[in-house]
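Heads up, input-v9.txt below (compact mmCIF, C-alpha atoms):
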# COMPACT_ATOMS: atom_id res chain seq x y z
CA MET V 454 69.76 157.06 82.63
CA LYS V 455 71.74 154.46 84.62
CA HIS V 456 72.62 152.72 81.39
CA THR V 457 74.00 155.99 79.94
CA ILE V 458 76.14 156.62 83.05
CA LYS V 459 77.49 153.07 82.92
CA VAL V 460 78.37 153.35 79.22
CA CYS V 461 80.07 156.73 79.79
CA SER V 462 82.08 155.32 82.70
CA ILE V 463 83.25 152.34 80.67
CA LEU V 464 84.17 154.54 77.71
CA SER V 465 86.05 156.93 80.01
CA LEU V 466 88.09 154.09 81.48
CA ALA V 467 88.79 152.70 78.02
CA ALA V 468 89.94 156.13 76.84
CA LEU V 469 92.16 156.45 79.91
CA PHE V 470 93.92 153.19 79.12
CA ALA V 471 94.04 153.83 75.37
CA THR V 472 95.68 157.24 75.69
CA GLY V 473 98.35 156.04 78.06
CA CYS V 474 97.26 158.28 80.89
CA PHE V 475 97.33 155.35 83.26
CA VAL V 476 100.97 155.19 84.28
CA GLY V 477 100.77 152.42 86.83
CA SER V 478 103.14 152.12 89.73
CA ARG V 479 106.54 153.58 89.05
CA SER V 480 109.28 154.64 91.37
CA ALA V 481 109.73 158.40 91.62
CA ASP V 482 113.47 157.88 91.03
CA GLU V 483 112.97 155.89 87.83
CA MET V 484 114.16 157.56 84.63
CA ARG V 485 111.22 158.46 82.40
CA THR V 486 113.32 159.05 79.29
CA PRO V 487 116.28 157.13 77.91
CA ALA V 488 119.52 157.97 79.72
CA LEU V 489 121.31 158.98 76.53
CA SER V 490 119.69 159.99 73.29
CA PRO V 491 121.79 159.49 70.14
CA THR V 492 122.60 163.20 70.23
CA ALA V 493 123.52 163.21 73.90
CA ALA V 494 125.56 160.05 73.46
CA SER V 495 127.70 161.81 70.87
CA HIS V 496 128.89 164.23 73.55
CA ALA V 497 130.53 161.26 75.24
CA ASN V 498 132.53 160.71 72.05
CA PRO V 499 135.21 163.42 71.89
CA THR V 500 135.75 162.93 68.13
CA PHE V 501 132.14 163.51 67.09
CA LEU V 502 132.85 167.06 65.89
CA THR V 503 135.79 165.85 63.79
CA GLU V 504 133.61 163.24 62.11
CA ALA V 505 130.82 165.79 61.66
CA LYS V 506 133.25 168.26 60.06
CA VAL V 507 134.37 165.55 57.61
CA LEU V 508 130.75 164.71 56.80
CA TYR V 509 129.79 168.37 56.40
CA GLU V 510 132.76 169.27 54.20
CA GLY V 511 133.02 165.94 52.40
CA SER V 512 136.79 166.12 52.75
CA THR V 513 139.61 165.35 55.16
CA ALA V 514 141.72 168.25 53.87
CA GLY V 515 141.01 170.57 56.81
CA LEU V 516 141.72 168.05 59.55
CA LYS V 517 144.38 168.96 62.09
CA ASP V 518 145.66 166.97 65.05
CA VAL V 519 144.33 163.73 63.56
CA SER V 520 146.52 160.67 63.14
CA ALA V 521 147.22 159.36 59.66
CA SER V 522 145.20 156.21 60.37
CA GLU V 523 142.18 158.25 61.53
CA LYS V 524 142.44 160.49 58.49
CA ALA V 525 142.54 157.40 56.26
CA ARG V 526 139.46 155.98 58.03
CA TYR V 527 137.56 159.25 57.49
CA GLN V 528 138.60 159.34 53.83
CA GLN V 529 137.39 155.78 53.35
CA GLN V 530 134.07 156.74 54.96
CA ILE V 531 133.71 159.73 52.59
CA ASP V 532 134.59 157.55 49.57
CA GLU V 533 131.94 154.99 50.57
CA LEU V 534 129.33 157.71 51.07
CA GLN V 535 130.14 159.35 47.74
CA ALA V 536 129.77 155.95 46.06
CA LYS V 537 126.18 155.97 47.43
CA GLY V 538 125.54 159.43 45.98
CA TYR V 539 126.36 161.49 49.08
CA GLN V 540 126.76 165.18 48.37
CA ALA V 541 128.55 167.07 51.14
CA CYS V 542 126.62 169.80 52.93
CA VAL V 543 129.29 172.42 52.15
CA GLY V 544 128.27 172.43 48.48
CA CYS V 545 125.05 174.30 49.27
CA HIS V 546 125.43 175.53 52.83
CA GLN V 547 129.00 176.92 52.44
CA ALA V 548 132.01 176.12 54.63
CA ASN V 549 131.05 178.85 57.09
CA GLY V 550 127.38 177.74 57.22
CA SER V 551 126.04 180.94 55.67
CA GLY V 552 124.19 179.15 52.87
CA ASN V 553 124.26 179.74 49.13
CA LYS V 554 121.78 182.57 48.52
CA ALA V 555 121.50 181.74 44.80
CA ILE V 556 119.72 178.47 45.62
CA ASN V 557 118.14 179.73 48.87
CA ALA V 558 120.12 177.26 51.00
CA THR V 559 119.58 177.61 54.74
CA ASN V 560 121.88 180.00 56.60
CA PHE V 561 122.97 178.02 59.67
CA THR V 562 124.60 181.10 61.24
CA ASP V 563 121.20 182.81 61.61
CA THR V 564 120.28 182.81 65.30
CA GLY V 565 116.57 183.08 64.48
CA TRP V 566 116.74 180.00 62.28
CA GLN V 567 118.67 178.10 64.96
CA ASN V 568 116.11 179.03 67.63
CA ASN V 569 113.13 178.08 65.47
CA ASN V 570 114.35 174.67 64.34
CA SER V 571 114.39 171.69 66.67
CA THR V 572 117.05 169.02 66.57
CA PRO V 573 114.51 166.28 65.64
CA GLY V 574 113.20 168.57 62.89
CA MET V 575 116.69 169.04 61.51
CA VAL V 576 117.29 165.27 61.52
CA THR V 577 113.96 164.84 59.71
CA SER V 578 115.11 167.32 57.05
CA ILE V 579 118.31 165.32 56.56
CA VAL V 580 116.39 162.04 56.38
CA ASN V 581 113.67 163.24 53.99
CA GLY V 582 115.41 166.09 52.17
CA LYS V 583 113.89 169.52 51.60
CA GLY V 584 111.99 170.60 48.54
CA LYS V 585 113.44 169.82 45.13
CA ILE V 586 117.03 170.81 45.91
CA MET V 587 118.13 169.02 49.10
CA PRO V 588 118.16 165.26 48.59
CA SER V 589 117.19 162.64 51.15
CA TYR V 590 120.08 161.07 53.03
CA LYS V 591 118.14 158.24 54.68
CA ASP V 592 119.97 155.58 52.65
CA LYS V 593 123.34 157.34 52.79
CA LEU V 594 123.91 158.35 56.43
CA SER V 595 123.34 156.52 59.68
CA LEU V 596 121.19 158.10 62.40
CA GLN V 597 124.36 158.69 64.43
CA GLN V 598 126.00 160.52 61.51
CA MET V 599 122.87 162.65 61.11
CA ASN V 600 122.95 163.55 64.79
CA TYR V 601 126.64 164.46 64.50
CA LEU V 602 125.81 166.73 61.57
CA VAL V 603 123.01 168.44 63.49
CA GLU V 604 125.34 169.12 66.42
CA TYR V 605 127.95 170.47 64.01
CA ILE V 606 125.32 172.69 62.38
CA ARG V 607 124.35 173.98 65.84
CA LYS V 608 127.96 175.16 66.28
CA PHE V 609 127.57 177.65 63.41
CA GLU V 610 125.40 179.83 65.63
CA ASP V 611 128.15 179.93 68.28
CA ARG V 612 130.69 181.05 65.66
CA ASN V 613 128.43 183.95 64.70
CA LYS V 614 128.07 185.32 68.23
CA VAL V 615 130.41 188.10 69.25
CA ASP V 616 131.28 188.74 72.87
CA THR V 617 131.22 192.52 73.27
CA SER V 618 132.10 192.53 76.95
CA VAL V 619 135.49 193.87 77.98
CA ILE V 620 137.63 191.59 80.13
CA GLY V 621 138.27 193.01 83.59
CA GLN V 622 135.65 195.73 83.26
CA SER V 623 132.59 195.42 85.42
CA LYS V 624 129.29 196.92 84.46
CA ALA V 625 128.58 200.24 86.09
CA THR V 626 125.82 200.14 88.60
CA ALA V 627 123.59 203.03 89.50
CA PRO V 628 123.98 204.36 93.03
CA ALA V 629 121.30 203.22 95.43
CA ALA V 630 118.50 205.70 95.93
CA ARG V 631 118.31 207.21 99.41

Before anything else, please render the file you have as structure tokens.
Amino acid sequence: MKHTIKVCSILSLAALFATGCFVGSRSADEMRTPALSPTAASHANPTFLTEAKVLYEGSTAGLKDVSASEKARYQQQIDELQAKGYQACVGCHQANGSGNKAINATNFTDTGWQNNNSTPGMVTSIVNGKGKIMPSYKDKLSLQQMNYLVEYIRKFEDRNKVDTSVIGQSKATAPAAR
């Protein structure tokens, strides 16, 4: 009986260490996650949406308020990607994100789809491709570019939302019961 208790205790301690449950001493103020994920870091870069738009559309034609040198840099980036077999997202997912129904491409404007798909899951789909139609982009795009694309794709939901409130009009409230 004592031998069984001793073996169980040792196995319990081993499991505790193996599963990472033993944290050790750590300051309560210490960050437990990285300060900036690749996605969060892109928010610090004010041009990430411009680059994402270029990647999504595969063109610099729609760029406004971009210097000629920046436009040339983006065009060079697109040319290099296309040389590696990059196919712009707009070809299947449409410029407005609604998706080509003929090939059952994802509709990025669908709030339900946006809510049910995590950012890491979306990056995984870009890395590995989806089914037989969407190719893998693991050898064509950097992780940063993929994160930019995911953030750009997230913006399609915002474009679909309509604010039905009237400016300057407050909601009517029911009189308090006496």

Which residue gives the smallest distance to Asn600 of chain V among V:Asp518, V:Glu504, V:Glu523, V:Asp532, with all atoms listed in the file counted?
V:Glu504

To one decimal in Å, tell me the separation between atom CA of Gly582 of chain V and atom CA of Gln540 of chain V.
12.0 Å

Can you pull out the residues contacting Lys593 of chain V? Cut-off 7 Å, using only C-alpha atoms, and skip same-chain residues under 2 positions away; I want them as a short mmCIF file (atom, residue, chain, number, x, y, z; two decimals) with C-alpha atoms, in the coordinates of the input.
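What landed in selection_17.cif:
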data_model
loop_
_atom_site.label_atom_id
_atom_site.label_comp_id
_atom_site.auth_asym_id
_atom_site.auth_seq_id
_atom_site.Cartn_x
_atom_site.Cartn_y
_atom_site.Cartn_z
CA LEU V 534 129.33 157.71 51.07
CA LYS V 537 126.18 155.97 47.43
CA TYR V 539 126.36 161.49 49.08
CA TYR V 590 120.08 161.07 53.03
CA LYS V 591 118.14 158.24 54.68
CA SER V 595 123.34 156.52 59.68
#

Skipping near chain neighbours, those fewer than 3 positions away, what residues fall within 6 Å of Tyr605 of chain V using only C-alpha atoms, listed as a PyMOL selection string?
chain V and resi 505+602+608

Quote the spacing between atom CA of Asn568 of chain V and atom CA of Thr500 of chain V in Å to one decimal place.
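Between atom CA of Asn568 of chain V and atom CA of Thr500 of chain V the gap works out to 25.4 Å.
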
Could you pull out every residue with an atom within 7 Å of (114.6, 174.6, 45.9), file coordinates, counting only C-alpha atoms, and send them as a tab-separated table (two decimals) with C-alpha atoms, in the coordinates of the input?
chain	number	residue	atom	x	y	z
V	556	ILE	CA	119.72	178.47	45.62
V	557	ASN	CA	118.14	179.73	48.87
V	584	GLY	CA	111.99	170.60	48.54
V	585	LYS	CA	113.44	169.82	45.13
V	586	ILE	CA	117.03	170.81	45.91

Using only C-alpha atoms, find the one residue out of V:Asn570, V:Val603, V:Phe501, V:Tyr527 that sits nearest to Thr513 of chain V.
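For Thr513 of chain V, the nearest of the given residues is V:Tyr527.
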
Given the choices V:Asp563, V:Cys542, V:Ala548, V:Met575, which gets closest to Pro588 of chain V if the distance is worked out from only C-alpha atoms?
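Once distances to Pro588 of chain V are computed over only C-alpha atoms, the minimum belongs to V:Cys542.
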